[in-house]
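Novice: Sharing work_34.tsv here; it has TSV, C-alpha atoms.
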chain	number	residue	atom	x	y	z
B	24	MET	CA	-26.04	33.53	0.54
B	25	ASN	CA	-29.58	32.70	-0.57
B	26	LEU	CA	-28.51	29.19	-1.61
B	27	PHE	CA	-27.07	28.57	1.86
B	28	LEU	CA	-30.32	29.75	3.49
B	29	LYS	CA	-32.35	27.38	1.26
B	30	PHE	CA	-30.20	24.43	2.43
B	31	TYR	CA	-30.30	25.61	6.02
B	32	ARG	CA	-34.09	25.98	6.08
B	33	SER	CA	-34.83	22.73	4.22
B	34	PRO	CA	-34.27	19.67	6.44
B	35	ALA	CA	-34.36	17.27	3.48
B	36	LEU	CA	-31.70	19.18	1.55
B	37	SER	CA	-29.57	19.51	4.69
B	38	VAL	CA	-29.65	15.74	5.23
B	39	ILE	CA	-28.66	15.12	1.60
B	40	LEU	CA	-25.77	17.57	1.92
B	41	ILE	CA	-24.53	15.90	5.13
B	42	ILE	CA	-24.72	12.43	3.55
B	43	CYS	CA	-22.78	13.61	0.47
B	44	ILE	CA	-20.03	15.14	2.61
B	45	ALA	CA	-19.81	12.11	4.92
B	46	THR	CA	-19.57	9.56	2.12
B	47	THR	CA	-16.83	11.39	0.24
B	48	SER	CA	-14.57	12.57	3.04
B	49	CYS	CA	-14.25	9.65	5.45
B	50	THR	CA	-12.77	6.95	3.23
B	51	LYS	CA	-9.21	5.63	2.94
B	52	ASP	CA	-7.98	5.75	-0.67
B	53	ASP	CA	-10.93	3.91	-2.20
B	54	ARG	CA	-9.49	4.42	-5.67
B	55	HIS	CA	-6.80	1.76	-5.21
B	56	PRO	CA	-8.06	-1.74	-6.11
B	57	VAL	CA	-6.22	-3.45	-3.22
B	58	PRO	CA	-8.37	-3.01	-0.09
B	59	TYR	CA	-7.12	-1.05	2.89
B	60	TYR	CA	-5.92	-3.13	5.85
B	61	PRO	CA	-4.29	-1.53	8.90
B	62	VAL	CA	-0.54	-2.09	9.09
B	63	ASP	CA	1.71	-1.03	11.97
B	64	PHE	CA	4.83	-2.94	13.04
B	65	ILE	CA	8.50	-2.40	13.86
B	66	ILE	CA	11.41	-4.71	13.06
B	67	ASN	CA	15.11	-4.65	13.93
B	68	VAL	CA	16.81	-5.00	10.54
B	69	GLU	CA	20.10	-6.00	12.18
B	70	SER	CA	18.49	-8.98	13.90
B	71	THR	CA	19.32	-12.46	12.55
B	72	GLN	CA	15.54	-12.91	12.09
B	73	HIS	CA	15.66	-10.26	9.35
B	74	ILE	CA	19.05	-11.05	7.80
B	75	GLU	CA	17.63	-10.67	4.27
B	76	LEU	CA	17.34	-6.92	4.90
B	77	ASN	CA	20.95	-6.45	6.05
B	78	SER	CA	22.18	-5.35	2.62
B	79	ILE	CA	21.05	-3.00	-0.13
B	80	GLY	CA	18.84	-4.88	-2.58
B	81	GLY	CA	17.71	-7.30	0.14
B	82	TRP	CA	14.05	-8.15	0.51
B	83	ALA	CA	11.75	-10.28	2.65
B	84	TYR	CA	8.10	-11.31	2.94
B	85	TYR	CA	6.10	-10.46	6.08
B	86	THR	CA	2.58	-11.16	7.26
B	87	GLY	CA	0.07	-8.34	7.38
B	88	GLY	CA	-1.81	-6.13	4.98
B	89	PHE	CA	-4.26	-7.75	2.59
B	90	LYS	CA	-2.12	-10.60	1.21
B	91	GLY	CA	1.19	-10.12	2.95
B	92	ILE	CA	3.93	-7.51	2.66
B	93	ILE	CA	7.21	-7.25	0.74
B	94	ILE	CA	9.92	-5.09	2.31
B	95	TYR	CA	12.78	-4.03	0.03
B	96	ARG	CA	15.98	-2.25	1.06
B	97	ALA	CA	16.58	0.33	-1.68
B	98	GLN	CA	19.48	2.22	-0.01
B	99	GLU	CA	21.44	2.06	3.23
B	100	ASP	CA	18.73	4.04	5.05
B	101	GLU	CA	15.78	3.68	2.64
B	102	PHE	CA	13.22	0.89	2.66
B	103	THR	CA	10.00	0.36	0.72
B	104	ALA	CA	7.05	-1.83	1.69
B	105	PHE	CA	4.22	-3.05	-0.53
B	106	ASP	CA	1.22	-5.33	-0.25
B	107	ARG	CA	1.63	-8.65	-2.06
B	108	ALA	CA	-1.87	-8.44	-3.58
B	109	CYS	CA	-1.70	-7.76	-7.30
B	110	PRO	CA	-3.62	-4.58	-8.11
B	111	TYR	CA	-4.75	-6.08	-11.44
B	112	HIS	CA	-6.96	-8.71	-9.72
B	113	PRO	CA	-6.55	-8.29	-5.94
B	114	TYR	CA	-9.20	-10.88	-5.05
B	115	SER	CA	-7.74	-13.64	-7.24
B	116	ASN	CA	-4.95	-16.02	-6.26
B	117	CYS	CA	-2.41	-13.75	-7.96
B	118	ARG	CA	0.28	-12.76	-5.48
B	119	ILE	CA	3.35	-10.59	-5.96
B	120	ILE	CA	6.66	-12.44	-5.74
B	121	VAL	CA	10.23	-11.18	-5.99
B	122	GLU	CA	12.18	-12.93	-8.74
B	123	ASN	CA	14.83	-10.48	-9.87
B	124	PRO	CA	15.17	-7.52	-7.46
B	125	PRO	CA	14.33	-4.70	-7.79
B	126	LEU	CA	11.56	-6.28	-9.90
B	127	ALA	CA	8.61	-8.30	-8.65
B	128	LYS	CA	5.77	-9.89	-10.60
B	129	GLY	CA	2.28	-11.28	-10.24
B	130	THR	CA	2.12	-15.07	-10.14
B	131	GLU	CA	-0.92	-15.25	-12.45
B	132	CYS	CA	-1.25	-12.03	-14.44
B	133	GLU	CA	2.53	-11.62	-14.83
B	134	SER	CA	2.40	-7.87	-14.27
B	135	VAL	CA	5.89	-6.63	-13.33
B	136	PHE	CA	6.47	-3.92	-10.72
B	137	LEU	CA	9.48	-1.89	-9.59
B	138	LEU	CA	10.16	-2.35	-5.86
B	139	ILE	CA	11.74	1.12	-5.66
B	140	ASP	CA	8.34	2.83	-5.94
B	141	GLY	CA	5.77	0.10	-6.72
B	142	SER	CA	5.10	1.34	-10.26
B	143	PRO	CA	4.01	-1.12	-12.97
B	144	VAL	CA	6.73	-1.87	-15.55
B	145	SER	CA	4.89	-4.31	-17.81
B	146	GLY	CA	1.79	-6.49	-17.94
B	147	PRO	CA	-1.90	-5.68	-17.64
B	148	SER	CA	-1.84	-3.80	-14.31
B	149	LYS	CA	-2.26	-0.04	-14.63
B	150	HIS	CA	-2.13	0.57	-10.86
B	151	PRO	CA	1.01	0.55	-8.71
B	152	LEU	CA	1.40	-1.82	-5.77
B	153	ARG	CA	-0.31	-0.66	-2.58
B	154	ALA	CA	2.48	1.04	-0.64
B	155	TYR	CA	3.00	1.27	3.11
B	156	ARG	CA	4.98	4.05	4.78
B	157	THR	CA	8.40	3.19	6.15
B	158	SER	CA	10.60	5.13	8.53
B	159	PHE	CA	14.06	3.98	9.51
B	160	SER	CA	15.92	4.92	12.66
B	161	TYR	CA	18.87	2.55	12.92
B	162	PRO	CA	18.37	-0.33	13.55
B	163	TYR	CA	14.56	-0.12	13.65
B	164	LEU	CA	12.26	-0.03	10.64
B	165	HIS	CA	8.68	1.09	11.22
B	166	VAL	CA	6.11	0.00	8.61
B	167	THR	CA	2.66	1.58	8.82
B	168	ASN	CA	-0.29	3.06	6.98
B	169	PHE	CA	-1.66	5.07	9.90
Starting from the file, lay out its structure as structure tokens.
Specialist:
Amino acid sequence: MNLFLKFYRSPALSVILIICIATTSCTKDDRHPVPYYPVDFIINVESTQHIELNSIGGWAYYTGGFKGIIIYRAQEDEFTAFDRACPYHPYSNCRIIVENPPLAKGTECESVFLLIDGSPVSGPSKHPLRAYRTSFSYPYLHVTNF
């Protein structure tokens, strides 16, 4: 109780406490190396515009996020979405490409990731791909990070 009263009565200590709380509680996953970019869109997976996603194991590239988005259809009603920026060097020209689904790899660092959950399989990256939330209500897929 006495410690609280010292902070309460000391304006300088109160300001420091407020700054510490504000800088640690109002950030969006600053630990991931790929920067946060707002993502929020809906697609109709049965549309001919998204034919790549009509079957299990299908995938497609979309605009958005930091360096684009990969959507992968893992099951009949389960999709995953990841940013195409490589977490090993997100600000370089390295971009994630799908070569052998469900695996994808960085074009420069050659880190390999599993599109089921974004986890690194091999290569120098220790971080997973930045994931976006997906929710599927036939035939609409909502991709977001809000």
Novice: Write out as a list of chain:residue names which residues come within 7 Å of region 143-154 of chain B when counting all atoms listed in the file, dropping same-chain ones fewer than 5 positions away.
Specialist: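 Residues near the query, excluding close chain neighbours: B:Val57, B:Ala104, B:Phe105, B:Asp106, B:Cys109, B:Pro110, B:Tyr111, B:Glu133, B:Ser134, B:Val135, B:Phe136, B:Leu137.
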Novice: Tell me which protein, DNA and RNA residues are within 8 Å of Val68 (chain B), counting all atoms listed in the file, leaving out same-chain ones fewer than 4 positions away, and put them as a PyMOL selection string.
Specialist: chain B and resi 73-74+76-77+162-164
Novice: Using all atoms listed in the file, which of B:Ser78, B:Asn168, B:Gln98, B:Thr103 sits nearest Pro61 (chain B)?
Specialist: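 Going through B:Ser78, B:Asn168, B:Gln98, B:Thr103 one by one, the smallest distance to Pro61 (chain B) is for B:Asn168.
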Novice: Considering only C-alpha atoms, can you say which of B:Ile92, B:Val166, B:Ala108, B:Ala83 comes closest to Thr130 (chain B)?
Specialist: B:Ala108
Novice: Just the number, please: distance in Å from CA of Tyr161 (chain B) to CA of Tyr59 (chain B), one decimal.
Specialist: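 Between these atoms lies a distance of 28.1 Å.
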Novice: Which of these residues is nearest to Ile119 (chain B), using all atoms listed in the file: B:Gly88, B:Asn67, B:Cys132, B:Ser160?
Specialist: B:Cys132
Novice: Considering only C-alpha atoms, can you say which of B:Phe102, B:Trp82, B:Tyr95, B:Phe89 comes closest to Tyr60 (chain B)?
Specialist: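 Going through B:Phe102, B:Trp82, B:Tyr95, B:Phe89 one by one, the smallest distance to Tyr60 (chain B) is for B:Phe89.
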Novice: Just how far from CA of His165 (chain B) is CA of Ala97 (chain B), in Å to one decimal?
Specialist: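 Result for CA of Ala97 (chain B) versus CA of His165 (chain B): 15.1 Å, one decimal.
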Novice: Please determine, counting all atoms listed in the file, which residue among B:Asp100, B:Ile139, B:Gly91, B:Phe64 has the shortest atom-to-atom distance to Leu126 (chain B).
Specialist: B:Ile139
Novice: Here is a test: counting all atoms listed in the file, which residue of B:Gly141, B:Pro124, B:Glu131, B:Ile66 is nearest to His112 (chain B)?
Specialist: B:Glu131
Novice: Please compute the CA of Tyr85 (chain B)-CA of Thr157 (chain B) distance, one decimal, in Å.
Specialist: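 Taking CA of Tyr85 (chain B) as the start and CA of Thr157 (chain B) as the end point, the length is 13.8 Å.
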Novice: Using only the atoms of region 130-139 of chain B listed in the file, plus 4 Å on each side, state the axis-aligned box centre and edge lengths in Å rounded to one decimal, as lines of an AutoDock Vina configuration file.
Specialist:
center_x = 5.2
center_y = -7.1
center_z = -10.2
size_x = 21.0
size_y = 24.4
size_z = 17.2
Novice: Just save region 73-84 of chain B with N, CA and C atoms, as a PDB file, in the first residue's frame.
Specialist:
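Printed below is result-v4.pdb as written:
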ATOM      1  N   HIS B  73     -11.269 -17.711 -58.403  1.00  0.00           N
ATOM      2  CA  HIS B  73     -10.488 -18.345 -57.340  1.00  0.00           C
ATOM      3  C   HIS B  73     -10.462 -19.865 -57.521  1.00  0.00           C
ATOM      4  N   ILE B  74     -10.397 -20.306 -58.761  1.00  0.00           N
ATOM      5  CA  ILE B  74     -10.493 -21.729 -59.082  1.00  0.00           C
ATOM      6  C   ILE B  74      -9.378 -22.559 -58.435  1.00  0.00           C
ATOM      7  N   GLU B  75      -8.232 -21.920 -58.172  1.00  0.00           N
ATOM      8  CA  GLU B  75      -7.118 -22.644 -57.549  1.00  0.00           C
ATOM      9  C   GLU B  75      -7.483 -23.167 -56.166  1.00  0.00           C
ATOM     10  N   LEU B  76      -8.462 -22.540 -55.523  1.00  0.00           N
ATOM     11  CA  LEU B  76      -8.843 -22.924 -54.160  1.00  0.00           C
ATOM     12  C   LEU B  76     -10.024 -23.891 -54.125  1.00  0.00           C
ATOM     13  N   ASN B  77     -10.463 -24.383 -55.288  1.00  0.00           N
ATOM     14  CA  ASN B  77     -11.611 -25.284 -55.339  1.00  0.00           C
ATOM     15  C   ASN B  77     -11.335 -26.674 -54.791  1.00  0.00           C
ATOM     16  N   SER B  78     -10.081 -27.071 -54.674  1.00  0.00           N
ATOM     17  CA  SER B  78      -9.785 -28.423 -54.203  1.00  0.00           C
ATOM     18  C   SER B  78      -8.803 -28.391 -53.043  1.00  0.00           C
ATOM     19  N   ILE B  79      -8.826 -29.447 -52.246  1.00  0.00           N
ATOM     20  CA  ILE B  79      -7.887 -29.582 -51.130  1.00  0.00           C
ATOM     21  C   ILE B  79      -6.468 -29.604 -51.687  1.00  0.00           C
ATOM     22  N   GLY B  80      -5.583 -28.861 -51.055  1.00  0.00           N
ATOM     23  CA  GLY B  80      -4.204 -28.740 -51.527  1.00  0.00           C
ATOM     24  C   GLY B  80      -4.019 -27.586 -52.497  1.00  0.00           C
ATOM     25  N   GLY B  81      -5.108 -26.927 -52.871  1.00  0.00           N
ATOM     26  CA  GLY B  81      -5.019 -25.773 -53.774  1.00  0.00           C
ATOM     27  C   GLY B  81      -4.497 -24.547 -53.042  1.00  0.00           C
ATOM     28  N   TRP B  82      -3.895 -23.663 -53.783  1.00  0.00           N
ATOM     29  CA  TRP B  82      -3.336 -22.450 -53.191  1.00  0.00           C
ATOM     30  C   TRP B  82      -3.369 -21.326 -54.216  1.00  0.00           C
ATOM     31  N   ALA B  83      -3.262 -20.094 -53.726  1.00  0.00           N
ATOM     32  CA  ALA B  83      -3.243 -18.926 -54.618  1.00  0.00           C
ATOM     33  C   ALA B  83      -2.583 -17.755 -53.907  1.00  0.00           C
ATOM     34  N   TYR B  84      -2.022 -16.842 -54.703  1.00  0.00           N
ATOM     35  CA  TYR B  84      -1.432 -15.611 -54.188  1.00  0.00           C
ATOM     36  C   TYR B  84      -2.473 -14.493 -54.259  1.00  0.00           C
TER      37      TYR B  84
END
